[in-house]
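**Q** Input file: protein-v8.cif. Contents: mmCIF, C-alpha atoms.
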data_start
#
loop_
_atom_site.label_atom_id
_atom_site.label_comp_id
_atom_site.auth_asym_id
_atom_site.auth_seq_id
_atom_site.Cartn_x
_atom_site.Cartn_y
_atom_site.Cartn_z
CA MET J 17 94.81 82.14 94.28
CA THR J 18 97.07 80.72 91.65
CA CYS J 19 100.67 81.36 90.72
CA ARG J 20 100.70 83.02 87.32
CA TYR J 21 102.15 85.94 85.45
CA LEU J 22 100.00 89.01 84.97
CA THR J 23 98.96 89.68 81.38
CA PHE J 24 98.59 93.07 79.74
CA GLU J 25 94.81 92.64 80.11
CA ASP J 26 95.32 92.11 83.87
CA ARG J 27 97.42 95.26 84.01
CA LYS J 28 94.74 97.27 82.20
CA SER J 29 92.19 95.95 84.71
CA ILE J 30 94.43 97.02 87.57
CA GLU J 31 94.79 100.47 86.03
CA ALA J 32 91.01 100.88 85.60
CA LEU J 33 90.18 99.59 89.08
CA TYR J 34 92.89 101.70 90.69
CA ALA J 35 91.67 104.82 88.87
CA ALA J 36 88.17 104.06 90.20
CA ASN J 37 89.64 104.27 93.75
CA THR J 38 89.31 100.52 94.37
CA SER J 39 91.46 99.28 97.25
CA LEU J 40 94.48 97.11 96.47
CA VAL J 41 92.95 94.29 98.54
CA GLU J 42 89.82 94.34 96.35
CA ILE J 43 91.90 94.46 93.15
CA ALA J 44 93.89 91.41 94.28
CA SER J 45 90.67 89.58 95.12
CA LYS J 46 89.05 90.39 91.75
CA LEU J 47 92.10 89.21 89.81
CA GLY J 48 92.64 86.17 92.02
CA VAL J 49 96.23 87.02 92.92
CA HIS J 50 98.05 87.66 96.17
CA LEU J 51 98.09 91.19 97.57
CA ALA J 52 101.91 91.22 97.35
CA THR J 53 101.57 90.73 93.57
CA ILE J 54 99.52 93.91 93.34
CA TYR J 55 102.00 95.86 95.49
CA ARG J 56 104.90 94.75 93.24
CA GLU J 57 102.84 95.64 90.17
CA MET J 58 102.11 99.12 91.53
CA THR J 59 105.85 99.69 91.91
CA ARG J 60 106.52 98.29 88.44
CA GLY J 61 103.98 100.60 86.77
CA SER J 62 104.52 103.73 88.84
CA THR J 63 104.26 106.97 86.86
CA GLY J 64 106.09 108.98 89.50
CA GLU J 65 103.16 111.37 89.81
CA LEU J 66 100.05 111.52 91.96
CA ASP J 67 96.68 110.59 90.43
CA ASN J 68 93.35 112.34 90.96
CA ASN J 69 92.84 110.43 94.21
CA GLY J 70 96.14 111.65 95.70
CA ARG J 71 97.75 108.23 95.33
CA SER J 72 100.83 107.40 93.33
CA GLY J 73 99.91 106.96 89.66
CA TYR J 74 99.90 103.61 87.84
CA SER J 75 100.17 102.92 84.12
CA ALA J 76 99.60 99.50 82.57
CA ASP J 77 101.74 100.54 79.59
CA ILE J 78 104.71 101.43 81.81
CA ALA J 79 104.36 98.17 83.74
CA GLN J 80 104.19 96.08 80.56
CA LYS J 81 107.25 97.81 79.09
CA THR J 82 109.15 97.24 82.35
CA VAL J 83 108.33 93.53 82.26
CA GLN J 84 109.29 93.17 78.60
CA ASP J 85 112.60 95.00 79.17
CA SER J 86 113.34 92.74 82.13
CA ILE J 87 112.71 89.62 80.04
CA LYS J 88 115.04 90.90 77.29
CA ARG J 89 117.81 91.59 79.82
CA ARG J 90 117.68 88.06 81.21
CA GLY J 91 119.10 86.51 78.07
CA HIS J 92 120.36 82.96 78.02
CA ARG J 93 122.27 81.87 81.07
CA LYS J 94 125.04 79.34 80.79
CA PRO J 95 124.58 76.27 83.01
CA VAL J 96 126.99 75.96 85.92
CA ALA J 97 129.18 72.88 85.65
CA ALA J 98 129.04 70.50 88.62
CA GLN J 99 132.32 69.95 90.40
#
Take the structure in the file and give it back as structure tokens.

**A**
Amino acid sequence: MTCRYLTFEDRKSIEALYAANTSLVEIASKLGVHLATIYREMTRGSTGELDNNGRSGYSADIAQKTVQDSIKRRGHRKPVAAQ
């Protein structure tokens, strides 16, 4: 496993694997990320509805928009002066 940000391609892979009823553990293994990363991503891309498998829905588009909005909100932080 490596520390890295998920790309939109990763998110589309998650969406496809999740729709195919693949377990979150298997998805994490296939992408080479920690299981906690997948759990956070599922929250980030939640559609608020149940999918065909009775699980909470996931959308790569929603997740990507959430990430982009978060990056925009960060802005430039002013450095704290040492005292």

**Q** Please write as number ranges by chain the full residue list that the PyMOL selection byres ((chain J and resi 35) around 12) yields on this file.

**A** J: 28-34, 36-40, 43, 66-76

**Q** What is the atom CA of Phe24 of chain J to atom CA of Ser86 of chain J distance in Å?

**A**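 These two atoms are separated by 14.9 Å.
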
**Q** For the file shown, report as a list in words the outcome of the PyMOL selection byres ((chain J and resi 47) around 12) at residue level.

**A**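 For this structure, the PyMOL selection byres ((chain J and resi 47) around 12) captures Met17, Thr18, Cys19, Arg20, Tyr21, Leu22, Thr23, Glu25, Asp26, Arg27, Lys28, Ser29, Ile30, Leu33, Leu40, Val41, Glu42, Ile43, Ala44, Ser45, Lys46, Gly48, Val49, His50, Leu51, Thr53 and Ile54 of chain J.
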
**Q** Would you work out the distance separating atom CA of Gly61 of chain J from atom CA of Ile78 of chain J, expressed in Å to one decimal?

**A**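 According to the coordinates, atom CA of Gly61 of chain J and atom CA of Ile78 of chain J are separated by 5.1 Å.
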
**Q** So what do you get for atom CA of Gln84 of chain J versus atom CA of Met58 of chain J, distance-wise?

**A** 15.9 Å

**Q** Once 6 Å is added on each side, what are the centre and the three edge lengths, in Å to one decimal, of the axis-aligned box enclosing the listed atoms of segment 48-60 of chain J? Present them as lines of an AutoDock Vina configuration file.

**A**
center_x = 99.6
center_y = 92.9
center_z = 93.0
size_x = 25.9
size_y = 25.5
size_z = 21.1
